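Engineer: Got input.cif for you, mmCIF, C-alpha atoms and all ligand atoms:
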data_target
#
loop_
_atom_site.group_PDB
_atom_site.id
_atom_site.type_symbol
_atom_site.label_atom_id
_atom_site.label_comp_id
_atom_site.auth_asym_id
_atom_site.auth_seq_id
_atom_site.Cartn_x
_atom_site.Cartn_y
_atom_site.Cartn_z
ATOM 1 C CA MET A 254 0.000 0.000 0.000
ATOM 2 C CA GLN A 255 1.106 3.579 -0.619
ATOM 3 C CA TYR A 256 0.940 6.045 2.288
ATOM 4 C CA PRO A 257 1.539 9.486 0.754
ATOM 5 C CA ARG A 258 0.381 11.364 3.868
ATOM 6 C CA SER A 259 2.015 9.166 6.528
ATOM 7 C CA GLN A 260 5.582 9.363 5.224
ATOM 8 C CA LYS A 261 6.380 12.708 6.838
ATOM 9 C CA TYR A 262 5.405 11.365 10.288
ATOM 10 C CA ASN A 263 7.908 8.532 10.000
ATOM 11 C CA THR A 264 10.609 10.188 12.143
ATOM 12 C CA PRO A 265 12.161 8.657 15.293
ATOM 13 C CA SER A 266 10.756 11.377 17.580
ATOM 14 C CA LEU A 267 7.200 11.081 16.230
ATOM 15 C CA MET A 268 7.302 7.293 16.095
ATOM 16 C CA ALA A 269 8.327 7.355 19.795
ATOM 17 C CA LYS A 270 4.760 8.619 20.468
ATOM 18 C CA ILE A 271 2.967 5.589 19.032
ATOM 19 C CA MET A 272 1.384 3.207 21.520
ATOM 20 C CA GLY A 273 0.867 0.273 19.178
ATOM 21 C CA PRO A 274 1.067 -0.728 15.485
ATOM 22 C CA ASN A 275 1.633 2.429 13.421
ATOM 23 C CA PRO A 276 -1.614 4.375 13.947
ATOM 24 C CA ILE A 277 -0.802 6.950 11.254
ATOM 25 C CA LYS A 278 -0.717 4.399 8.466
ATOM 26 C CA LEU A 279 -3.820 2.741 9.902
ATOM 27 C CA GLU A 280 -5.600 6.076 9.915
ATOM 28 C CA GLU A 281 -4.512 6.900 6.375
ATOM 29 C CA GLU A 282 -5.967 3.597 5.155
ATOM 30 C CA LEU A 283 -9.103 4.041 7.277
ATOM 31 C CA LEU A 284 -9.774 7.519 5.878
ATOM 32 C CA MET A 285 -8.913 6.786 2.261
ATOM 33 C CA GLY A 286 -11.605 8.370 0.095
ATOM 34 C CA CYS A 287 -13.309 9.969 3.090
ATOM 35 C CA PHE A 288 -14.639 13.491 2.907
ATOM 36 C CA PHE A 289 -14.979 15.759 5.950
ATOM 37 C CA PRO A 290 -17.366 18.713 5.702
ATOM 38 C CA GLN A 291 -15.753 22.159 5.643
ATOM 39 C CA ASP A 292 -14.904 23.363 9.188
ATOM 40 C CA ALA A 293 -15.580 19.863 10.489
ATOM 41 C CA VAL A 294 -15.150 19.167 14.193
ATOM 42 C CA VAL A 295 -13.777 15.661 14.736
ATOM 43 C CA CYS A 296 -13.292 13.605 17.891
ATOM 44 C CA ASP A 297 -10.100 11.528 17.978
ATOM 45 C CA LEU A 298 -11.448 8.982 20.457
ATOM 46 C CA GLY A 299 -8.697 7.272 22.455
ATOM 47 C CA SER A 300 -6.114 9.621 20.970
ATOM 48 C CA GLY A 301 -3.239 8.439 23.189
ATOM 49 C CA GLN A 302 -0.284 10.819 23.008
ATOM 50 C CA GLY A 303 -1.965 12.737 20.201
ATOM 51 C CA LEU A 304 -0.035 11.791 17.086
ATOM 52 C CA THR A 305 -3.208 10.736 15.252
ATOM 53 C CA SER A 306 -4.844 14.010 16.339
ATOM 54 C CA VAL A 307 -1.980 15.983 14.777
ATOM 55 C CA PHE A 308 -2.329 13.893 11.621
ATOM 56 C CA LEU A 309 -6.065 14.656 11.433
ATOM 57 C CA ALA A 310 -5.610 18.389 12.016
ATOM 58 C CA LYS A 311 -2.716 18.822 9.592
ATOM 59 C CA GLU A 312 -3.649 16.407 6.816
ATOM 60 C CA TYR A 313 -7.428 16.811 6.744
ATOM 61 C CA GLY A 314 -7.698 20.414 7.988
ATOM 62 C CA VAL A 315 -10.318 19.580 10.622
ATOM 63 C CA THR A 316 -10.633 20.841 14.196
ATOM 64 C CA VAL A 317 -9.779 17.967 16.516
ATOM 65 C CA TYR A 318 -10.768 17.126 20.069
ATOM 66 C CA ALA A 319 -8.119 14.665 21.261
ATOM 67 C CA ALA A 320 -10.086 12.672 23.843
ATOM 68 C CA ASP A 321 -8.192 10.135 25.902
ATOM 69 C CA LEU A 322 -8.340 8.475 29.305
ATOM 70 C CA TRP A 323 -4.781 7.450 30.154
ATOM 71 C CA SER A 324 -2.664 10.225 28.636
ATOM 72 C CA ASP A 325 -1.884 13.636 30.146
ATOM 73 C CA PRO A 326 -3.779 16.386 28.287
ATOM 74 C CA GLU A 327 -1.186 19.009 29.282
ATOM 75 C CA ALA A 328 1.638 16.928 27.777
ATOM 76 C CA ASN A 329 -0.500 16.535 24.658
ATOM 77 C CA ARG A 330 -1.116 20.305 24.529
ATOM 78 C CA ARG A 331 2.652 20.948 24.638
ATOM 79 C CA PHE A 332 3.134 18.446 21.820
ATOM 80 C CA PHE A 333 0.413 20.076 19.697
ATOM 81 C CA ARG A 334 2.043 23.501 20.138
ATOM 82 C CA GLU A 335 5.469 22.068 19.237
ATOM 83 C CA MET A 336 3.845 20.753 16.079
ATOM 84 C CA GLY A 337 2.791 24.313 15.238
ATOM 85 C CA LEU A 338 -0.940 23.827 15.683
ATOM 86 C CA PRO A 339 -3.040 26.608 17.274
ATOM 87 C CA ASP A 340 -4.938 25.889 20.513
ATOM 88 C CA ASN A 341 -8.326 26.374 18.833
ATOM 89 C CA LYS A 342 -7.541 23.778 16.141
ATOM 90 C CA ILE A 343 -6.635 20.845 18.381
ATOM 91 C CA ILE A 344 -7.967 20.496 21.913
ATOM 92 C CA PRO A 345 -6.745 17.833 24.350
ATOM 93 C CA VAL A 346 -9.442 16.490 26.680
ATOM 94 C CA LYS A 347 -9.169 13.986 29.500
ATOM 95 C CA ALA A 348 -12.247 11.886 28.804
ATOM 96 C CA ASP A 349 -13.700 8.453 29.355
ATOM 97 C CA ALA A 350 -15.284 7.197 26.133
ATOM 98 C CA THR A 351 -18.130 5.748 28.199
ATOM 99 C CA ASP A 352 -18.949 9.118 29.761
ATOM 100 C CA LEU A 353 -18.043 11.813 27.238
ATOM 101 C CA PRO A 354 -18.029 15.439 28.402
ATOM 102 C CA PHE A 355 -19.319 17.083 25.191
ATOM 103 C CA GLU A 356 -22.523 18.739 24.077
ATOM 104 C CA LYS A 357 -25.028 16.604 22.198
ATOM 105 C CA GLU A 358 -24.560 16.449 18.376
ATOM 106 C CA PHE A 359 -21.200 18.213 18.705
ATOM 107 C CA PHE A 360 -19.076 16.216 16.255
ATOM 108 C CA ASP A 361 -19.193 15.932 12.474
ATOM 109 C CA ALA A 362 -17.195 12.712 12.745
ATOM 110 C CA VAL A 363 -15.430 10.426 15.209
ATOM 111 C CA VAL A 364 -12.143 8.710 14.358
ATOM 112 C CA SER A 365 -10.805 6.046 16.704
ATOM 113 C CA THR A 366 -7.564 4.189 16.063
ATOM 114 C CA ASP A 367 -6.360 1.268 18.180
ATOM 115 C CA SER A 368 -8.590 2.037 21.140
ATOM 116 C CA TYR A 369 -12.261 1.243 20.403
ATOM 117 C CA ASN A 370 -11.713 -2.399 21.379
ATOM 118 C CA TYR A 371 -11.136 -1.262 24.990
ATOM 119 C CA PHE A 372 -14.581 0.294 25.450
ATOM 120 C CA GLY A 373 -16.725 -0.649 22.434
ATOM 121 C CA ARG A 374 -17.340 -4.330 23.227
ATOM 122 C CA ASP A 375 -20.828 -3.585 24.509
ATOM 123 C CA PRO A 376 -23.815 -3.794 22.155
ATOM 124 C CA LEU A 377 -25.338 -0.700 23.788
ATOM 125 C CA TYR A 378 -22.179 1.430 23.599
ATOM 126 C CA LEU A 379 -22.840 3.166 20.272
ATOM 127 C CA ASP A 380 -26.489 4.058 20.858
ATOM 128 C CA GLU A 381 -26.094 5.092 24.465
ATOM 129 C CA LYS A 382 -22.566 6.479 24.834
ATOM 130 C CA LEU A 383 -21.234 7.691 21.500
ATOM 131 C CA LEU A 384 -23.931 8.505 18.933
ATOM 132 C CA PRO A 385 -25.606 11.204 21.073
ATOM 133 C CA PHE A 386 -22.481 13.348 20.510
ATOM 134 C CA VAL A 387 -22.448 12.920 16.716
ATOM 135 C CA LYS A 388 -24.433 15.074 14.273
ATOM 136 C CA LYS A 389 -27.023 13.391 12.051
ATOM 137 C CA GLY A 390 -25.238 12.042 8.964
ATOM 138 C CA GLY A 391 -21.896 12.143 10.797
ATOM 139 C CA ARG A 392 -19.502 9.269 10.269
ATOM 140 C CA ILE A 393 -17.640 7.064 12.719
ATOM 141 C CA TYR A 394 -14.341 5.605 11.552
ATOM 142 C CA ILE A 395 -12.752 2.874 13.669
ATOM 143 C CA ALA A 396 -9.528 0.869 13.238
ATOM 144 C CA ILE A 397 -8.857 -1.870 15.781
ATOM 145 C CA PRO A 398 -6.481 -4.763 16.249
ATOM 146 C CA GLY A 399 -8.323 -8.035 15.803
ATOM 147 C CA MET A 400 -8.111 -11.736 15.097
ATOM 148 C CA LYS A 401 -8.416 -13.386 11.696
ATOM 149 C CA ARG A 402 -10.718 -15.916 13.380
ATOM 150 C CA ASP A 403 -11.821 -15.801 17.037
ATOM 151 C CA CYS A 404 -9.967 -18.529 18.940
ATOM 152 C CA HIS A 405 -10.510 -17.662 22.584
ATOM 153 C CA ASP A 406 -11.417 -21.257 23.520
ATOM 154 C CA PHE A 407 -8.086 -22.597 22.197
ATOM 155 C CA LEU A 408 -5.609 -19.736 22.333
ATOM 156 C CA PRO A 409 -2.439 -20.388 20.291
ATOM 157 C CA THR A 410 0.661 -20.710 22.482
ATOM 158 C CA GLU A 411 2.468 -18.136 20.280
ATOM 159 C CA LEU A 412 0.027 -15.417 21.350
ATOM 160 C CA LEU A 413 0.340 -16.374 25.016
ATOM 161 C CA LEU A 414 4.076 -15.545 24.883
ATOM 162 C CA SER A 415 3.177 -11.836 24.989
ATOM 163 C CA TRP A 416 -0.435 -11.538 26.131
ATOM 164 C CA THR A 417 -2.709 -13.010 28.804
ATOM 165 C CA PRO A 418 -6.108 -14.518 27.902
ATOM 166 C CA GLU A 419 -7.696 -11.411 29.464
ATOM 167 C CA GLN A 420 -5.683 -9.120 27.173
ATOM 168 C CA LEU A 421 -6.510 -11.291 24.154
ATOM 169 C CA ASP A 422 -10.193 -10.952 25.001
ATOM 170 C CA TYR A 423 -9.945 -7.410 23.552
ATOM 171 C CA LEU A 424 -9.251 -8.927 20.114
ATOM 172 C CA HIS A 425 -12.011 -10.312 17.903
ATOM 173 C CA ASP A 426 -12.735 -11.119 14.288
ATOM 174 C CA VAL A 427 -14.782 -9.373 11.597
ATOM 175 C CA ALA A 428 -17.822 -11.561 12.360
ATOM 176 C CA TYR A 429 -17.777 -10.553 16.052
ATOM 177 C CA TRP A 430 -17.479 -6.841 15.265
ATOM 178 C CA THR A 431 -20.124 -7.029 12.538
ATOM 179 C CA ASP A 432 -22.589 -8.542 15.036
ATOM 180 C CA MET A 433 -21.581 -5.952 17.631
ATOM 181 C CA VAL A 434 -22.110 -2.853 15.493
ATOM 182 C CA LYS A 435 -25.192 -4.193 13.714
ATOM 183 C CA CYS A 436 -26.968 -4.088 17.104
ATOM 184 C CA CYS A 437 -26.862 -0.320 16.803
ATOM 185 C CA GLN A 438 -30.254 1.271 16.082
ATOM 186 C CA GLY A 439 -29.050 4.811 15.423
ATOM 187 C CA ALA A 440 -26.467 4.309 12.678
ATOM 188 C CA ASP A 441 -26.008 2.419 9.427
ATOM 189 C CA VAL A 442 -23.024 0.121 9.082
ATOM 190 C CA ILE A 443 -21.151 1.051 5.907
ATOM 191 C CA GLU A 444 -18.221 -1.327 6.191
ATOM 192 C CA VAL A 445 -16.570 -3.854 8.499
ATOM 193 C CA ALA A 446 -13.474 -5.324 6.863
ATOM 194 C CA GLU A 447 -9.889 -6.473 7.338
ATOM 195 C CA MET A 448 -7.272 -3.801 6.670
ATOM 196 C CA GLU A 449 -4.406 -4.068 4.208
ATOM 197 C CA SER A 450 -1.795 -2.295 6.296
ATOM 198 C CA ASN A 451 -1.660 -4.990 9.012
ATOM 199 C CA GLU A 452 1.860 -6.334 8.359
ATOM 200 C CA GLU A 453 3.453 -2.957 7.725
ATOM 201 C CA VAL A 454 1.994 -1.299 10.842
ATOM 202 C CA TRP A 455 3.180 -4.191 13.007
ATOM 203 C CA ASP A 456 6.701 -3.943 11.504
ATOM 204 C CA ASP A 457 6.847 -0.224 12.373
ATOM 205 C CA TRP A 458 5.735 -0.962 15.956
ATOM 206 C CA LEU A 459 8.078 -3.869 16.615
ATOM 207 C CA LYS A 460 11.079 -1.681 15.660
ATOM 208 C CA GLN A 461 10.372 0.606 18.621
ATOM 209 C CA GLU A 462 12.423 0.108 21.772
ATOM 210 C CA ASN A 463 9.756 0.818 24.414
ATOM 211 C CA GLU A 464 8.908 -2.015 26.839
ATOM 212 C CA TYR A 465 5.489 -2.710 25.249
ATOM 213 C CA ALA A 466 6.883 -3.110 21.744
ATOM 214 C CA VAL A 467 9.730 -5.277 23.076
ATOM 215 C CA GLY A 468 7.142 -7.393 24.967
ATOM 216 C CA ASP A 469 5.019 -7.825 21.828
ATOM 217 C CA ARG A 470 8.029 -9.106 19.848
ATOM 218 C CA LYS A 471 7.992 -12.487 21.626
ATOM 219 C CA ALA A 472 4.599 -13.476 20.215
ATOM 220 C CA MET A 473 5.183 -11.944 16.806
ATOM 221 C CA GLU A 474 8.649 -13.473 16.325
ATOM 222 C CA ALA A 475 7.162 -16.876 17.218
ATOM 223 C CA GLY A 476 4.623 -16.495 14.400
ATOM 224 C CA GLY A 477 1.668 -15.098 16.385
ATOM 225 C CA GLY A 478 0.989 -12.619 13.598
ATOM 226 C CA GLN A 479 -0.677 -15.371 11.542
ATOM 227 C CA TYR A 480 -3.694 -15.146 13.880
ATOM 228 C CA LEU A 481 -3.958 -11.343 13.976
ATOM 229 C CA ASN A 482 -5.224 -8.570 11.728
ATOM 230 C CA PHE A 483 -6.541 -5.030 11.868
ATOM 231 C CA ILE A 484 -10.210 -4.341 11.260
ATOM 232 C CA LYS A 485 -11.887 -1.166 10.029
ATOM 233 C CA ILE A 486 -15.455 -0.210 10.829
ATOM 234 C CA VAL A 487 -17.250 2.690 9.154
ATOM 235 C CA MET A 488 -20.720 3.804 10.234
ATOM 236 C CA GLN A 489 -23.024 6.748 9.577
ATOM 237 C CA LYS A 490 -25.469 8.204 12.080
ATOM 238 C CA ARG A 491 -29.083 8.180 10.863
HETATM 239 C C1 LIG B 501 -3.060 1.403 22.421
HETATM 240 S S1 LIG B 501 -3.433 3.043 22.903
HETATM 241 C C2 LIG B 501 -3.634 3.818 21.312
HETATM 242 C C3 LIG B 501 -3.508 5.301 21.364
HETATM 243 C C4 LIG B 501 -3.540 6.029 20.024
HETATM 244 N N1 LIG B 501 -4.841 5.952 19.385
HETATM 245 C C5 LIG B 501 -2.466 5.497 19.109
HETATM 246 O O1 LIG B 501 -2.807 4.683 18.248
HETATM 247 O O2 LIG B 501 -1.300 5.863 19.294
HETATM 248 C C6 LIG B 501 -5.095 2.894 23.487
HETATM 249 C C7 LIG B 501 -5.692 4.178 24.000
HETATM 250 O O3 LIG B 501 -7.057 3.926 24.345
HETATM 251 C C8 LIG B 501 -7.371 4.812 25.392
HETATM 252 N N2 LIG B 501 -8.548 4.328 26.123
HETATM 253 C C9 LIG B 501 -8.749 3.102 26.670
HETATM 254 N N3 LIG B 501 -9.934 3.085 27.294
HETATM 255 C C10 LIG B 501 -10.492 4.314 27.144
HETATM 256 C C11 LIG B 501 -11.697 4.915 27.566
HETATM 257 N N4 LIG B 501 -12.604 4.238 28.291
HETATM 258 N N5 LIG B 501 -11.920 6.194 27.226
HETATM 259 C C12 LIG B 501 -11.024 6.906 26.500
HETATM 260 N N6 LIG B 501 -9.863 6.387 26.063
HETATM 261 C C13 LIG B 501 -9.587 5.111 26.386
HETATM 262 C C14 LIG B 501 -6.155 4.849 26.278
HETATM 263 O O4 LIG B 501 -6.131 6.034 27.041
HETATM 264 C C15 LIG B 501 -5.012 4.733 25.258
HETATM 265 O O5 LIG B 501 -4.436 5.975 24.983
#
How would this structure read if it were set down as structure tokens?
Structural biologist:
Amino acid sequence: MQYPRSQKYNTPSLMAKIMGPNPIKLEEELLMGCFFPQDAVVCDLGSGQGLTSVFLAKEYGVTVYAADLWSDPEANRRFFREMGLPDNKIIPVKADATDLPFEKEFFDAVVSTDSYNYFGRDPLYLDEKLLPFVKKGGRIYIAIPGMKRDCHDFLPTELLLSWTPEQLDYLHDVAYWTDMVKCCQGADVIEVAEMESNEEVWDDWLKQENEYAVGDRKAMEAGGGQYLNFIKIVMQKR
């Protein structure tokens, strides 16, 4: 796959901000062909240390709310300023995705990369916790790590070299996610599909020297990658 927009983010200092398989390339694939309305306000849900939020603001020209639970919004604000973005263009918010602190119908779109699987495994989540904050016709773009085929009853030993069964419970296949999002009454499901960038985004992540990437290498070097993929979900609020 070609990633014309992601290339300029492929520097050691920016890659040090990623918290999993390269979220910039994932987001570029996820948003291929997408169109944001002019002056769109977009929620980067589970934005982590804000690299995907910078990518959205700079590459798509939208105003971004970088909403995240674990990261420090002040550290993210410093990073956004270092990246030359004005405070009214990209706003860091400490937020729990299950209890969002925004006005109703505030966002033109929601983009969520490598985080929805933490809080979205509840059939009521979309209707009750997320859609109220999205404008009618607004789109939700999700990229999540998943499994080629769910195998939680017979977990491969390769995967258990890096992750516990509880951690692997966050990963599911296209069929699981299709059933999950089809429960939603308030939005149409446009697409649930495996992503092309899977191998490349894992390669970028496993090159990093942080303890999480080093920990993930054990499973991947033993061949665990054969069971894993990335999944994109695109929906539109009715
Ligand atoms: C693997 S990191 C990915 C971060 C970022 N999207 C990236 O790709 O670099 C997962 C993120 O999900 C966020 N997260 C997990 N549960 C959350 C929740 N309930 N509400 C908001 N964010 C959550 C964490 O704060 C964390 O930053």
Engineer: Could you list, as a PyMOL selection string, all protein and nucleic acid residues with an atom at most 6 Å from ligand LIG 501 (chain B), counting only C-alpha atoms and all ligand atoms?
Structural biologist: chain A and resi 271-273+276+299-301+321-324+348-351+366-368+371-372
Engineer: Using 9 Å as the limit and counting all atoms listed in the file, can you tabulate each residue of range 449-477 of chain A that touches range 398-419 of chain A, with its shortest atom-to-atom distance in Å and the two atoms involved, as CSV?
Structural biologist:
residue,atom,partner,partner_atom,distance
A:Asn451,CA,A:Pro398,CA,8.7
A:Gly468,CA,A:Ser415,CA,6.0
A:Asp469,CA,A:Ser415,CA,5.4
A:Arg470,CA,A:Ser415,CA,7.6
A:Lys471,CA,A:Ser415,CA,5.9
A:Ala472,CA,A:Leu412,CA,5.1
A:Met473,CA,A:Glu411,CA,7.6
A:Glu474,CA,A:Glu411,CA,8.7
A:Ala475,CA,A:Glu411,CA,5.7
A:Gly476,CA,A:Glu411,CA,6.5
A:Gly477,CA,A:Glu411,CA,5.0
Engineer: Set out as a Markdown table a contact list for range 324-430 of chain A and range 311-314 of chain A with a cut-off of 10 Å, giving each residue of range 324-430 of chain A that qualifies its closest atom pair and distance in Å to one decimal, counting all atoms listed in the file, ordered by chain and rising residue number.
Structural biologist:
| residue | atom | partner | partner_atom | distance |
| --- | --- | --- | --- | --- |
| A:Met336 | CA | A:Lys311 | CA | 9.4 |
| A:Gly337 | CA | A:Lys311 | CA | 9.6 |
| A:Leu338 | CA | A:Lys311 | CA | 8.1 |
| A:Lys342 | CA | A:Gly314 | CA | 8.8 |
| A:Ile343 | CA | A:Lys311 | CA | 9.8 |
Engineer: I want to know what sits within 8 Å of Cys296 in chain A, based on all atoms listed in the file, with residues of the same chain fewer than 2 positions away left out; could you give that as a count of residues only?
Structural biologist: 10
Engineer: Given the choices A:Pro265, A:Gly303, A:Pro257, A:Pro339, which gets closest to Glu282 in chain A if the distance is worked out from all atoms listed in the file?
Structural biologist: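 Closest to Glu282 in chain A, using all atoms listed in the file: A:Pro257.
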Engineer: Have a look at A:Ala440, A:Leu304, A:Ala428, A:Met488 and name the one nearest to Ser266 in chain A; count all atoms listed in the file.
Structural biologist: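 Using all atoms listed in the file, Ser266 in chain A sits closest to A:Leu304.
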Engineer: Calculate how many Å separate CA of Val487 in chain A from CA of Tyr394 in chain A, rounding to one decimal.
Structural biologist: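 Interatomic distance here is 4.8 Å.
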Engineer: With distances taken over all atoms listed in the file, which of A:Leu353, A:Ile486, A:Leu279, A:Met254 is nearest to Val454 in chain A?
Structural biologist: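 Looking only at the distances to Val454 in chain A, the closest residue turns out to be A:Leu279.
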Engineer: Counting only C-alpha atoms, write as a ChimeraX atom specification all protein and nucleic acid residues lying at most 12 Å from (4.7, 7.2, 10.6) in the file's frame.
Structural biologist: /A:256-271,273-281,304-305,307-308,453-458,461
Engineer: Pick the closest to Gln489 in chain A from A:Gln438, A:Asn329, A:Gln255, A:Ser365: which is it, counting only C-alpha atoms?
Structural biologist: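 Of A:Gln438, A:Asn329, A:Gln255, A:Ser365, the one nearest Gln489 in chain A, counting only C-alpha atoms, is A:Gln438.
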Engineer: Could you jot down the CA of Asp441 in chain A to CA of Lys490 in chain A separation for me, Å, one decimal place?
Structural biologist: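 Going from CA of Asp441 in chain A over to CA of Lys490 in chain A covers 6.4 Å.
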Engineer: With only C-alpha atoms counted, which protein, DNA or RNA residues have an atom no more than 8 Å from (-12.9, -5.3, 19.4) in the file frame? Please answer as a short mmCIF file (atom, residue, chain, number, x, y, z; two decimals) with C-alpha atoms, keeping the file's coordinate frame.
Structural biologist:
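Produced file point20.cif, reproduced below:
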data_model
loop_
_atom_site.label_atom_id
_atom_site.label_comp_id
_atom_site.auth_asym_id
_atom_site.auth_seq_id
_atom_site.Cartn_x
_atom_site.Cartn_y
_atom_site.Cartn_z
CA TYR A 369 -12.26 1.24 20.40
CA ASN A 370 -11.71 -2.40 21.38
CA TYR A 371 -11.14 -1.26 24.99
CA GLY A 373 -16.73 -0.65 22.43
CA ARG A 374 -17.34 -4.33 23.23
CA ILE A 397 -8.86 -1.87 15.78
CA PRO A 398 -6.48 -4.76 16.25
CA GLY A 399 -8.32 -8.04 15.80
CA TYR A 423 -9.94 -7.41 23.55
CA LEU A 424 -9.25 -8.93 20.11
CA HIS A 425 -12.01 -10.31 17.90
CA ASP A 426 -12.74 -11.12 14.29
CA TYR A 429 -17.78 -10.55 16.05
CA TRP A 430 -17.48 -6.84 15.26
#
Engineer: Between CA of Cys437 in chain A and CA of Gln420 in chain A, what distance in Å does the model show, to one decimal?
Structural biologist: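 Result for CA of Cys437 in chain A versus CA of Gln420 in chain A: 25.2 Å, one decimal.
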Engineer: How big is the axis-aligned box around all listed atoms of range 340-351 of chain A once 5 Å goes on each side, and where's its centre, in Å to one decimal, as lines of an AutoDock Vina configuration file?
Structural biologist:
center_x = -11.5
center_y = 16.1
center_z = 22.8
size_x = 23.2
size_y = 30.6
size_z = 23.4
Engineer: Restricting the calculation to all atoms listed in the file: of A:Asp297, A:Ala396, A:Leu384, A:Leu377, which residue gets closest to Lys347 in chain A?
Structural biologist: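 Distance minimum relative to Lys347 in chain A lands on A:Asp297.
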Engineer: From the list A:Asn482, A:Ala310, A:Val467, A:Val295, which residue is nearest Glu358 in chain A when using only C-alpha atoms?
Structural biologist: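 Ranking A:Asn482, A:Ala310, A:Val467, A:Val295 by distance to Glu358 in chain A, first place goes to A:Val295.
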Engineer: Give me the result of the PyMOL selection byres (((chain A and resi 326) around 6) and not hetatm) on this file, residue by residue, as a ChimeraX atom specification.
Structural biologist: /A:325,327-329,345-346
Engineer: May I have the residues from that selection written out with C-alpha atoms, as an mmCIF file, in the frame of the given file?
Structural biologist:
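Output file again-v8.cif follows:
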data_model
loop_
_atom_site.group_PDB
_atom_site.id
_atom_site.type_symbol
_atom_site.label_atom_id
_atom_site.label_comp_id
_atom_site.auth_asym_id
_atom_site.auth_seq_id
_atom_site.Cartn_x
_atom_site.Cartn_y
_atom_site.Cartn_z
ATOM 1 C CA ASP A 325 -1.884 13.636 30.146
ATOM 2 C CA GLU A 327 -1.186 19.009 29.282
ATOM 3 C CA ALA A 328 1.638 16.928 27.777
ATOM 4 C CA ASN A 329 -0.500 16.535 24.658
ATOM 5 C CA PRO A 345 -6.745 17.833 24.350
ATOM 6 C CA VAL A 346 -9.442 16.490 26.680
#
Engineer: I need range 336-351 of chain A from the structure I supplied, saved as a PDB file, in the first residue's frame with N, CA and C atoms retained.
Structural biologist:
ATOM      1  N   MET A 336       4.134  21.133  17.477  1.00  0.00           N
ATOM      2  CA  MET A 336       3.845  20.753  16.079  1.00  0.00           C
ATOM      3  C   MET A 336       3.256  21.927  15.287  1.00  0.00           C
ATOM      4  N   GLY A 337       3.191  23.092  15.939  1.00  0.00           N
ATOM      5  CA  GLY A 337       2.791  24.313  15.238  1.00  0.00           C
ATOM      6  C   GLY A 337       1.295  24.464  15.051  1.00  0.00           C
ATOM      7  N   LEU A 338       0.521  23.736  15.844  1.00  0.00           N
ATOM      8  CA  LEU A 338      -0.940  23.827  15.683  1.00  0.00           C
ATOM      9  C   LEU A 338      -1.531  24.780  16.720  1.00  0.00           C
ATOM     10  N   PRO A 339      -2.444  25.668  16.321  1.00  0.00           N
ATOM     11  CA  PRO A 339      -3.040  26.608  17.274  1.00  0.00           C
ATOM     12  C   PRO A 339      -4.004  25.911  18.252  1.00  0.00           C
ATOM     13  N   ASP A 340      -4.137  26.511  19.446  1.00  0.00           N
ATOM     14  CA  ASP A 340      -4.938  25.889  20.513  1.00  0.00           C
ATOM     15  C   ASP A 340      -6.409  25.709  20.135  1.00  0.00           C
ATOM     16  N   ASN A 341      -6.905  26.528  19.194  1.00  0.00           N
ATOM     17  CA  ASN A 341      -8.326  26.374  18.833  1.00  0.00           C
ATOM     18  C   ASN A 341      -8.541  25.338  17.719  1.00  0.00           C
ATOM     19  N   LYS A 342      -7.452  24.746  17.246  1.00  0.00           N
ATOM     20  CA  LYS A 342      -7.541  23.778  16.141  1.00  0.00           C
ATOM     21  C   LYS A 342      -7.458  22.334  16.658  1.00  0.00           C
ATOM     22  N   ILE A 343      -6.856  22.205  17.850  1.00  0.00           N
ATOM     23  CA  ILE A 343      -6.635  20.845  18.381  1.00  0.00           C
ATOM     24  C   ILE A 343      -6.684  20.938  19.901  1.00  0.00           C
ATOM     25  N   ILE A 344      -7.651  20.277  20.495  1.00  0.00           N
ATOM     26  CA  ILE A 344      -7.967  20.496  21.913  1.00  0.00           C
ATOM     27  C   ILE A 344      -7.844  19.163  22.659  1.00  0.00           C
ATOM     28  N   PRO A 345      -6.879  19.072  23.579  1.00  0.00           N
ATOM     29  CA  PRO A 345      -6.745  17.833  24.350  1.00  0.00           C
ATOM     30  C   PRO A 345      -7.777  17.780  25.478  1.00  0.00           C
ATOM     31  N   VAL A 346      -8.405  16.621  25.645  1.00  0.00           N
ATOM     32  CA  VAL A 346      -9.442  16.490  26.680  1.00  0.00           C
ATOM     33  C   VAL A 346      -9.241  15.165  27.398  1.00  0.00           C
ATOM     34  N   LYS A 347      -9.186  15.235  28.727  1.00  0.00           N
ATOM     35  CA  LYS A 347      -9.169  13.986  29.500  1.00  0.00           C
ATOM     36  C   LYS A 347     -10.605  13.481  29.512  1.00  0.00           C
ATOM     37  N   ALA A 348     -10.861  12.331  28.918  1.00  0.00           N
ATOM     38  CA  ALA A 348     -12.247  11.886  28.804  1.00  0.00           C
ATOM     39  C   ALA A 348     -12.327  10.368  28.784  1.00  0.00           C
ATOM     40  N   ASP A 349     -13.385   9.874  29.429  1.00  0.00           N
ATOM     41  CA  ASP A 349     -13.700   8.453  29.355  1.00  0.00           C
ATOM     42  C   ASP A 349     -14.722   8.269  28.234  1.00  0.00           C
ATOM     43  N   ALA A 350     -14.402   7.405  27.297  1.00  0.00           N
ATOM     44  CA  ALA A 350     -15.284   7.197  26.133  1.00  0.00           C
ATOM     45  C   ALA A 350     -16.671   6.716  26.536  1.00  0.00           C
ATOM     46  N   THR A 351     -16.812   6.217  27.754  1.00  0.00           N
ATOM     47  CA  THR A 351     -18.130   5.748  28.199  1.00  0.00           C
ATOM     48  C   THR A 351     -18.895   6.841  28.936  1.00  0.00           C
TER      49      THR A 351
END
